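Undergrad: What follows is a single structure, and I will ask about it in a moment.
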Amino acid sequence: MLASLAASMVRMSWSTAVTSGNDIQAAHARQAAKAGVEWGLYTALRGAWANCTSSTQTLDLRNTNGMLVTVTCSGNPTPYLEGGDQGGSARQVRIYTIEAVACNGTTACPDDDSATNLGYVERRIRTSVADVNAQP
């Protein structure tokens, strides 16, 4: 009876440690995904992804928090016209959708090969932004 109780306590202790480790990794993945979205927004609005048509890049953050982040940008290739400004000119609008998937996998996120491993975590964040007066 005592051996059964001891084995049960060891199993509960191990389960708690694994769960706690996964919670910490999940928090790291969420922060990495948020950083990926912010990087993607900057790159779309001020950087190299000016037209943002199915652009993808993987950020390697394994040295800082153990995560890889795959950032994808999609949007309308040409701005559309909406309303007008105070001078009566039509405003050009381009809409970007940024998605960041962070994981503690080995290649890129999502990592289907690592997804079945104990301790694998993945977080996905998607946001959309409108750039008014975008350049054609």
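Every chain in the structure tokens takes a letter, A first, then B, and so on in the order presented; its residues are numbered from 1, and the ligands are numbered from 1 following the presented order.
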What's around Trp39 (chain A) at 9 Å? Count only C-alpha atoms, leave out sequence neighbours fewer than 5 positions away in its own chain, and write the answer as a CSV table (one decimal) with N, CA, C and O atoms, in the first residue's frame.

TA:
```csv
chain,number,residue,atom,x,y,z
A,34,LYS,N,4.3,37.5,-30.4
A,34,LYS,CA,4.0,38.9,-30.4
A,34,LYS,C,5.2,39.7,-31.0
A,34,LYS,O,4.9,40.7,-31.7
A,44,ALA,N,6.4,45.4,-43.0
A,44,ALA,CA,5.3,45.6,-44.0
A,44,ALA,C,5.1,47.1,-44.2
A,44,ALA,O,5.0,47.6,-45.3
A,71,VAL,N,7.0,34.3,-39.7
A,71,VAL,CA,6.2,35.4,-39.9
A,71,VAL,C,5.8,35.5,-41.4
A,71,VAL,O,6.6,35.4,-42.3
```

Undergrad: Which residue is closest to Leu118 (chain A)? Choose from A:Thr58, A:Asn104, A:Asn63, A:Thr43 and count only C-alpha atoms.

TA: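 Closest residue, counting only C-alpha atoms: A:Asn104.
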
Undergrad: Of the candidates A:Ala48, A:Ala26, A:Leu68, A:Met1, which one gets nearest to Asp111 (chain A) if we count only C-alpha atoms?

TA: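 Ranking A:Ala48, A:Ala26, A:Leu68, A:Met1 by distance to Asp111 (chain A), first place goes to A:Leu68.
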
Undergrad: Which residues are close to Thr56 (chain A), i.e. within 9 Å by only C-alpha atoms, leaving aside same-chain residues fewer than 6 positions away? Reply as a PyMOL selection string.

TA: chain A and resi 70-74

Undergrad: Once you have the residues from the selection above, write them out as a PDB file, in the first residue's frame, restricted to N, CA, C and O atoms.

TA:
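Okay, result.pdb is ready:
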```pdb
ATOM      1  N   THR A  70       7.894  31.929 -37.417  1.00  0.00           N
ATOM      2  CA  THR A  70       7.635  32.085 -38.843  1.00  0.00           C
ATOM      3  C   THR A  70       6.623  33.208 -39.008  1.00  0.00           C
ATOM      4  O   THR A  70       5.509  33.130 -38.492  1.00  0.00           O
ATOM      5  N   VAL A  71       7.028  34.260 -39.714  1.00  0.00           N
ATOM      6  CA  VAL A  71       6.185  35.443 -39.907  1.00  0.00           C
ATOM      7  C   VAL A  71       5.752  35.495 -41.369  1.00  0.00           C
ATOM      8  O   VAL A  71       6.587  35.401 -42.269  1.00  0.00           O
ATOM      9  N   THR A  72       4.447  35.611 -41.583  1.00  0.00           N
ATOM     10  CA  THR A  72       3.890  35.662 -42.926  1.00  0.00           C
ATOM     11  C   THR A  72       3.086  36.942 -43.092  1.00  0.00           C
ATOM     12  O   THR A  72       2.338  37.324 -42.197  1.00  0.00           O
ATOM     13  N   CYS A  73       3.258  37.575 -44.234  1.00  0.00           N
ATOM     14  CA  CYS A  73       2.520  38.793 -44.542  1.00  0.00           C
ATOM     15  C   CYS A  73       1.741  38.578 -45.826  1.00  0.00           C
ATOM     16  O   CYS A  73       2.279  38.086 -46.821  1.00  0.00           O
ATOM     17  N   SER A  74       0.472  38.923 -45.800  1.00  0.00           N
ATOM     18  CA  SER A  74      -0.330  38.879 -47.018  1.00  0.00           C
ATOM     19  C   SER A  74      -1.168  40.150 -47.069  1.00  0.00           C
ATOM     20  O   SER A  74      -1.503  40.727 -46.042  1.00  0.00           O
TER      21      SER A  74
END
```

Undergrad: Give me, as JSON, numbers by chain, all polymer residues having an atom no more than 10 Å from Pro77 (chain A), counting only C-alpha atoms and skipping those fewer than 3 positions away in the same chain.

TA: {"A": [50, 51, 52, 53, 54, 74, 80, 94, 95, 96, 136]}

Undergrad: Considering only C-alpha atoms, state which residue in the set A:Leu41, A:Pro79, A:Ser128, A:Asp113 is at the smallest distance from Arg91 (chain A).

TA: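 Checking each candidate against Arg91 (chain A), we get A:Pro79 as the closest.
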
Undergrad: If you measure from CA of Arg124 (chain A) to CA of Ala29 (chain A), what distance in Å do you get, rounded to one decimal?

TA: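 Distance reported for this atom pair: 8.6 Å.
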
Undergrad: Determine, counting only C-alpha atoms, which protein, DNA and RNA residues have an atom within 12 Å of an atom of Met67 (chain A); residues of the same chain fewer than 3 positions away are not included. Present the result as a ChimeraX atom specification.

TA: /A:25-33,35-36,58-64,70,100-111,120-123

Undergrad: For the residues selected in the previous step, produce a file with N, CA, C and O atoms as a compact mmCIF listing (two decimals), in the first residue's frame.

TA:
```txt
# COMPACT_ATOMS: atom_id res chain seq x y z
N GLN A 25 7.36 27.50 -21.27
CA GLN A 25 7.63 27.49 -22.70
C GLN A 25 6.49 28.16 -23.49
O GLN A 25 6.74 28.86 -24.47
N ALA A 26 5.26 27.95 -23.05
CA ALA A 26 4.11 28.57 -23.72
C ALA A 26 4.16 30.09 -23.59
O ALA A 26 3.84 30.82 -24.54
N ALA A 27 4.57 30.57 -22.43
CA ALA A 27 4.71 32.02 -22.25
C ALA A 27 5.81 32.57 -23.16
O ALA A 27 5.65 33.65 -23.76
N HIS A 28 6.91 31.84 -23.29
CA HIS A 28 7.99 32.26 -24.19
C HIS A 28 7.49 32.28 -25.63
O HIS A 28 7.81 33.20 -26.39
N ALA A 29 6.72 31.26 -26.01
CA ALA A 29 6.20 31.19 -27.38
C ALA A 29 5.26 32.35 -27.66
O ALA A 29 5.29 32.94 -28.75
N ARG A 30 4.41 32.69 -26.70
CA ARG A 30 3.49 33.81 -26.90
C ARG A 30 4.24 35.12 -27.07
O ARG A 30 3.91 35.92 -27.95
N GLN A 31 5.24 35.36 -26.25
CA GLN A 31 6.03 36.59 -26.38
C GLN A 31 6.79 36.62 -27.70
O GLN A 31 6.90 37.67 -28.34
N ALA A 32 7.30 35.47 -28.12
CA ALA A 32 8.01 35.40 -29.41
C ALA A 32 7.05 35.67 -30.57
O ALA A 32 7.40 36.37 -31.53
N ALA A 33 5.83 35.15 -30.49
CA ALA A 33 4.84 35.40 -31.53
C ALA A 33 4.46 36.89 -31.57
O ALA A 33 4.30 37.47 -32.65
N ALA A 35 6.39 39.36 -30.68
CA ALA A 35 7.55 40.03 -31.28
C ALA A 35 7.56 39.83 -32.79
O ALA A 35 7.89 40.76 -33.55
N GLY A 36 7.19 38.64 -33.24
CA GLY A 36 7.13 38.38 -34.68
C GLY A 36 6.10 39.23 -35.39
O GLY A 36 6.34 39.74 -36.48
N THR A 58 11.49 33.36 -41.44
CA THR A 58 11.62 32.70 -40.14
C THR A 58 12.65 33.44 -39.32
O THR A 58 13.78 33.64 -39.76
N LEU A 59 12.25 33.85 -38.13
CA LEU A 59 13.15 34.51 -37.19
C LEU A 59 13.67 33.46 -36.22
O LEU A 59 12.89 32.73 -35.62
N ASP A 60 14.96 33.41 -36.06
CA ASP A 60 15.58 32.43 -35.16
C ASP A 60 15.87 33.10 -33.82
O ASP A 60 16.83 33.86 -33.69
N LEU A 61 15.03 32.84 -32.84
CA LEU A 61 15.20 33.40 -31.50
C LEU A 61 15.64 32.32 -30.50
O LEU A 61 15.47 32.48 -29.30
N ARG A 62 16.20 31.23 -31.02
CA ARG A 62 16.56 30.12 -30.13
C ARG A 62 17.65 30.50 -29.14
O ARG A 62 17.69 29.96 -28.04
N ASN A 63 18.52 31.44 -29.48
CA ASN A 63 19.56 31.85 -28.53
C ASN A 63 19.02 32.69 -27.39
O ASN A 63 19.60 32.72 -26.31
N THR A 64 17.92 33.40 -27.61
CA THR A 64 17.38 34.25 -26.56
C THR A 64 16.30 33.57 -25.74
O THR A 64 16.32 33.65 -24.51
N THR A 70 7.89 31.93 -37.42
CA THR A 70 7.64 32.08 -38.84
C THR A 70 6.62 33.21 -39.01
O THR A 70 5.51 33.13 -38.49
N ALA A 100 2.13 35.42 -37.13
CA ALA A 100 3.38 34.90 -36.56
C ALA A 100 3.07 33.61 -35.81
O ALA A 100 2.16 33.57 -35.00
N VAL A 101 3.83 32.57 -36.13
CA VAL A 101 3.71 31.29 -35.45
C VAL A 101 5.04 31.02 -34.77
O VAL A 101 6.07 30.92 -35.43
N ALA A 102 5.02 30.94 -33.45
CA ALA A 102 6.23 30.68 -32.67
C ALA A 102 6.16 29.27 -32.10
O ALA A 102 5.10 28.83 -31.66
N CYS A 103 7.29 28.58 -32.12
CA CYS A 103 7.33 27.23 -31.56
C CYS A 103 8.75 26.91 -31.09
O CYS A 103 9.69 27.61 -31.44
N ASN A 104 8.86 25.87 -30.31
CA ASN A 104 10.18 25.42 -29.90
C ASN A 104 10.60 24.20 -30.71
O ASN A 104 11.24 23.29 -30.21
N GLY A 105 10.25 24.20 -32.00
CA GLY A 105 10.60 23.13 -32.91
C GLY A 105 12.03 23.26 -33.40
O GLY A 105 12.82 24.06 -32.89
N THR A 106 12.37 22.48 -34.42
CA THR A 106 13.75 22.45 -34.89
C THR A 106 13.95 23.09 -36.26
O THR A 106 15.07 23.45 -36.60
N THR A 107 12.90 23.21 -37.06
CA THR A 107 13.08 23.76 -38.41
C THR A 107 12.32 25.06 -38.58
O THR A 107 12.91 26.12 -38.53
N ALA A 108 11.05 25.00 -38.81
CA ALA A 108 10.21 26.19 -38.96
C ALA A 108 8.89 25.91 -38.28
O ALA A 108 8.58 24.77 -37.94
N CYS A 109 8.13 26.93 -38.04
CA CYS A 109 6.87 26.77 -37.33
C CYS A 109 5.71 26.89 -38.30
O CYS A 109 5.74 27.75 -39.16
N PRO A 110 4.69 26.10 -38.16
CA PRO A 110 4.55 24.98 -37.24
C PRO A 110 5.45 23.82 -37.65
O PRO A 110 5.69 23.61 -38.83
N ASP A 111 5.95 23.09 -36.67
CA ASP A 111 6.85 21.97 -36.89
C ASP A 111 6.09 20.67 -36.65
O ASP A 111 5.95 20.20 -35.53
N TYR A 120 6.55 20.10 -26.64
CA TYR A 120 6.44 20.99 -27.79
C TYR A 120 5.34 22.01 -27.53
O TYR A 120 4.24 21.66 -27.08
N VAL A 121 5.64 23.28 -27.76
CA VAL A 121 4.63 24.33 -27.63
C VAL A 121 4.62 25.18 -28.90
O VAL A 121 5.64 25.30 -29.58
N GLU A 122 3.46 25.75 -29.17
CA GLU A 122 3.29 26.58 -30.35
C GLU A 122 2.22 27.62 -30.06
O GLU A 122 1.20 27.31 -29.45
N ARG A 123 2.47 28.84 -30.48
CA ARG A 123 1.49 29.91 -30.34
C ARG A 123 1.41 30.65 -31.65
O ARG A 123 2.41 30.90 -32.31
```

Undergrad: Have a look at CA of Gln92 (chain A) and CA of Glu38 (chain A) and let me know their distance in Å, one decimal.

TA: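 One can read the CA of Gln92 (chain A) to CA of Glu38 (chain A) distance as 22.9 Å.
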
Undergrad: Just the number, please: distance in Å from CA of Tyr42 (chain A) to CA of Val93 (chain A), one decimal.

TA: 16.7 Å

Undergrad: Can you pull out every residue from chain A that DSSP, working from the backbone, puts in helix (DSSP H, G or I), and format the result as a ChimeraX atom specification?

TA: /A:2-46
